[in-house]
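Comments concern the structure below.
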Amino acid sequence: MSASKTTGGKAIDILRNLPRISLANLRPNPGARKTERRRGRGAHGGNKSGRGHKGERQRGNRPRLGFEGGQTPFYLAIPKYGYNEGHSLRPQYQPLSLRRLQYLIDLGRVDTSQPIDLTQLVNGRGVTVQPLKRDYGVHLVEEGADIFSAKINIEVQRATEGAVAAIERNGGVITTGFYDFRSLTILCKPVPFFLSGQPIPKRMLPGEDMVRYYTGAENRGYLSDPEEVERARQELAQKYGYVLPDISKDELFHMLSIRKDCRQIFFGLAPGWVVNMAERKILKPTDEKLLRYYGS
Amino acid sequence: MLRLFGLKPCVVPTQIKAVLHHQYMNAELDATNIFTSIRKRTPIVIAFICPDRLTVTYSRSSGPGGQHVNKVNTKAEIRFHVQTADWIPDDVRNKIIIQNKNRINKVGELLVTSEASRSQQQNLNDCLQKIQDIIAEASQKPHEPTEEDIAIRRARLDYMNKERLKQKKIHSVIKQSRKVDFD
């Protein structure tokens with residue numbers, strides 16, 4: 001057959017000559033729809049209609065779920081214990097393995113030439129974080145540390161020692177930062193927030209239970225002392241047996257050294273600014289009281 | 001190099017500083033302090049290990065574990081030639097050879113293995129820790145008594161001697177009092 005001269009190919013040529021599509025012309029593929037077995041309509045849906053023979057079963061009078069005929073049921077025999085006490089107040093972190101991170105980088109879903117943030121991970125559909133379900137962010141885990149080989153500047157909320165070692169071994173930078181509920185929601189879904197027209201809030205500082213973690217150099221906390229962090233990097237290299245690469249000699253040094261301020265949610269945007277998506281403008285406050293509030 | 005990335009350190013807000021001060025200001029003598037105060041008396045040098053001077057090999061571990069232990073190389077072994085290891089000081093090197101005769105093979109290589117955990121990485125860390133311990137043990141210097149220690153020791157010896165003579169005199173008086181002198 002000769003090739004079609006129009007865009008769309010042979011299919012659109014055929015369609016042009018067929019009658020108009022209406023409900024009379026449409027039907028599903030044979031075997032796609034199987035008629036259901038309707039109870040009480042004869043042959044094998046009829047007779048006892050799947051209810052069995054006499055008794056509570058046929059008459060629909062079975063006792064409640066969990067009843068064991070009078071024997072103390074399982075759910076009452078076992079004593080109570082506070083396994084789940086306060087579960088709705090416990091912070092949870094979505095795990096992100098290095099294997100998954102390498103997969104995302106290899107597929108190009110996460111860009112390594114820019115600092116990697118929770119926003120980048122969510123945009124690349126790498127992780128799903130649900131702040132409403134007590135998620136406080138992402139936990140970087142060392143599964144796949146042996147195959148990980150990417151130089152990145154990544155910011156997560158929690159990281160294991162092995163994951164930190166794997167990232168620093170490849171010449172990357174890792175930081176752990178705290179995001180309170182509102183900041184986390186904004187970080188995960190920036191566009192709906194910008195469309196709402198509210199000024200970017202300042203990120204809150206961690207509570208008493210998390211201060212220790214984020215001020216510790218071993219965790220690469222964002223509130224820790226840079227000198228202690230450098231010392232911790234050397235110690236970790238000694239512990240894990242690799243040569244710590246010198247980042248300052250790297251060509252991507254500027255990108256690797258980009259860090260957020262402790263009150264900043266987005267790179268390049270300060271608290272107090274309003275982002276207008278429609279007009280592609282950023283509005284900054286000028287009132288000194290607002291500036292003092294957002295600068296504190 | 002001390003300054004990390006040439007960055008200005010993030011200014012820690014005052015409320016966090018207050019929390020940290022409250023947490024730590026009453027910690028005069030807790031577990032970590034005690035340990036460091038004891039360790040200060042005999043300082044142990046932690047050696048800097050150059051990873052490229054070590055030969056690391058992985059092999060299959062022994063013991064139970066089914067398919068996992070049969071297939072996965074979790075046992076870590078590190079070996080390095082002791083005599084040519086110039087990253088360890090001379091005297092420490094000699095001490096290592098003397099103290100760890102059983103770990104050194106005919107060629108002169110120190111062998112350290114670990115198959116304690118299920119993870120290859122953890123076993124490697126364990127091996128490195130063992131090497132650190134070997135070097136630490138070899139670099140322990142005998143404790144030199146300070147002038148203060150010598151003075152205290154002398155004072156104690158003098159006191160012990162004086163006590164001994166005093167007790168001797170008392171005993172002598174008792175014995176003499178039991179004598180009956182017929183004048």
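Here, A, B, ... name the chains of the structure tokens in the order displayed, residue numbers run from 1 inside each chain, and ligands are numbered from 1 in the same displayed order.
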
Secondary structure check, strand (DSSP E or B) residues of range 45-160 of chain A, as a PyMOL selection string: chain A and resi 68-69+71+92-97+116+135-141+153-156+158-159

Who sits within 10 Å of Arg103 in chain B, only C-alpha atoms, same chain under 5 positions skipped, as a PyMOL selection string: chain B and resi 79+96-97+108-113

Writing out the chosen residues with N, CA and C atoms as a PDB file, in the first residue's frame:
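Below you can see again10.pdb, which holds the result:
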ATOM      1  N   ARG B  79      45.108  -6.501  54.758  1.00  0.00           N
ATOM      2  CA  ARG B  79      46.498  -6.842  55.028  1.00  0.00           C
ATOM      3  C   ARG B  79      47.410  -5.714  54.563  1.00  0.00           C
ATOM      4  N   ILE B  96      54.511  -3.395  67.232  1.00  0.00           N
ATOM      5  CA  ILE B  96      53.409  -4.153  66.610  1.00  0.00           C
ATOM      6  C   ILE B  96      53.892  -5.540  66.245  1.00  0.00           C
ATOM      7  N   ILE B  97      55.115  -5.592  65.653  1.00  0.00           N
ATOM      8  CA  ILE B  97      55.654  -6.894  65.216  1.00  0.00           C
ATOM      9  C   ILE B  97      55.858  -7.805  66.421  1.00  0.00           C
ATOM     10  N   GLY B 108      55.559 -11.116  56.082  1.00  0.00           N
ATOM     11  CA  GLY B 108      55.694  -9.907  56.907  1.00  0.00           C
ATOM     12  C   GLY B 108      54.458  -9.037  56.878  1.00  0.00           C
ATOM     13  N   GLU B 109      53.332  -9.582  56.369  1.00  0.00           N
ATOM     14  CA  GLU B 109      52.101  -8.796  56.277  1.00  0.00           C
ATOM     15  C   GLU B 109      51.234  -9.038  57.497  1.00  0.00           C
ATOM     16  N   LEU B 110      50.683  -7.950  58.038  1.00  0.00           N
ATOM     17  CA  LEU B 110      49.749  -8.061  59.155  1.00  0.00           C
ATOM     18  C   LEU B 110      48.359  -8.320  58.586  1.00  0.00           C
ATOM     19  N   LEU B 111      47.698  -9.381  59.074  1.00  0.00           N
ATOM     20  CA  LEU B 111      46.385  -9.787  58.563  1.00  0.00           C
ATOM     21  C   LEU B 111      45.327  -9.511  59.604  1.00  0.00           C
ATOM     22  N   VAL B 112      44.282  -8.841  59.199  1.00  0.00           N
ATOM     23  CA  VAL B 112      43.168  -8.602  60.115  1.00  0.00           C
ATOM     24  C   VAL B 112      41.888  -8.979  59.385  1.00  0.00           C
ATOM     25  N   THR B 113      41.084  -9.872  59.977  1.00  0.00           N
ATOM     26  CA  THR B 113      39.830 -10.261  59.322  1.00  0.00           C
ATOM     27  C   THR B 113      38.658  -9.994  60.254  1.00  0.00           C
TER      28      THR B 113
END

Which residue of A:Thr35, A:Asn123, A:Ser88, A:Gln198 approaches Gly108 in chain A most closely, using only C-alpha atoms: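 So, comparing all the options, the nearest one is A:Asn123.
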
Test item: chain A residues at most 10 Å from chain B, counting only C-alpha atoms, as a PDB file with C-alpha atoms, in the first residue's frame:
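Contents of iface03.pdb, freshly written:
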ATOM      1  CA  ALA A 145      25.913   2.236  48.840  1.00  0.00           C
ATOM      2  CA  ASP A 146      28.235  -0.103  46.934  1.00  0.00           C
ATOM      3  CA  GLY A 162      26.683   4.748  55.888  1.00  0.00           C
ATOM      4  CA  LEU A 205      13.615  25.915  64.182  1.00  0.00           C
ATOM      5  CA  PRO A 206      13.589  22.336  65.499  1.00  0.00           C
ATOM      6  CA  GLY A 207      11.973  21.500  68.834  1.00  0.00           C
ATOM      7  CA  GLU A 208      13.886  20.472  71.909  1.00  0.00           C
ATOM      8  CA  VAL A 211      17.928  20.265  68.397  1.00  0.00           C
ATOM      9  CA  ARG A 212      20.565  17.758  69.449  1.00  0.00           C
ATOM     10  CA  THR A 215      23.385  20.628  65.915  1.00  0.00           C
ATOM     11  CA  TYR A 222      22.401  22.433  59.303  1.00  0.00           C
ATOM     12  CA  LEU A 223      22.914  24.105  62.702  1.00  0.00           C
ATOM     13  CA  SER A 224      26.266  22.494  63.418  1.00  0.00           C
ATOM     14  CA  ASP A 225      29.704  24.101  63.461  1.00  0.00           C
ATOM     15  CA  PRO A 226      31.455  23.870  60.046  1.00  0.00           C
ATOM     16  CA  GLU A 227      34.822  23.125  61.691  1.00  0.00           C
ATOM     17  CA  GLU A 228      33.332  20.197  63.574  1.00  0.00           C
ATOM     18  CA  VAL A 229      31.748  19.005  60.337  1.00  0.00           C
ATOM     19  CA  GLU A 230      35.143  19.025  58.620  1.00  0.00           C
ATOM     20  CA  ARG A 231      36.609  17.006  61.476  1.00  0.00           C
ATOM     21  CA  GLN A 234      37.869  13.144  58.200  1.00  0.00           C
ATOM     22  CA  GLU A 235      36.872  10.754  60.980  1.00  0.00           C
ATOM     23  CA  ALA A 237      36.705   8.649  55.990  1.00  0.00           C
ATOM     24  CA  GLN A 238      39.046   6.941  58.443  1.00  0.00           C
ATOM     25  CA  LYS A 239      36.279   4.793  59.822  1.00  0.00           C
ATOM     26  CA  TYR A 240      35.001   3.631  56.441  1.00  0.00           C
ATOM     27  CA  GLY A 241      38.423   3.321  54.842  1.00  0.00           C
ATOM     28  CA  TYR A 242      38.295   5.705  51.874  1.00  0.00           C
ATOM     29  CA  VAL A 243      40.332   8.716  50.834  1.00  0.00           C
ATOM     30  CA  LEU A 244      38.311  11.899  51.370  1.00  0.00           C
ATOM     31  CA  ASP A 246      39.148  17.553  48.318  1.00  0.00           C
ATOM     32  CA  ILE A 247      36.029  19.424  47.269  1.00  0.00           C
ATOM     33  CA  SER A 248      37.618  22.865  47.090  1.00  0.00           C
ATOM     34  CA  PHE A 253      32.730  23.635  44.095  1.00  0.00           C
ATOM     35  CA  HIS A 254      30.363  26.603  43.903  1.00  0.00           C
ATOM     36  CA  LEU A 256      28.432  21.974  46.117  1.00  0.00           C
ATOM     37  CA  SER A 257      28.845  24.795  48.610  1.00  0.00           C
ATOM     38  CA  ILE A 258      25.315  26.182  48.184  1.00  0.00           C
ATOM     39  CA  ARG A 259      23.446  25.800  51.453  1.00  0.00           C
ATOM     40  CA  LYS A 260      20.148  27.124  52.712  1.00  0.00           C
ATOM     41  CA  ASP A 261      19.857  29.569  55.559  1.00  0.00           C
ATOM     42  CA  CYS A 262      18.198  28.171  58.672  1.00  0.00           C
ATOM     43  CA  SER A 296      14.849  37.412  62.535  1.00  0.00           C
TER      44      SER A 296
END

Residues near range 136-139 of chain A, cut-off 12 Å, only C-alpha atoms, skip fewer than 5 positions along chain, as a ChimeraX atom specification: /A:89-98,101,117-119,121-122,126-131,154-161,163-164,175-185,187-188,206,210,219

Backbone DSSP call of helix (DSSP H, G or I) for range 22-175 of chain B, listed as number ranges by chain: B: 22-24, 31-41, 51-53, 66-71, 90-99, 101-103, 120-138, 147-175
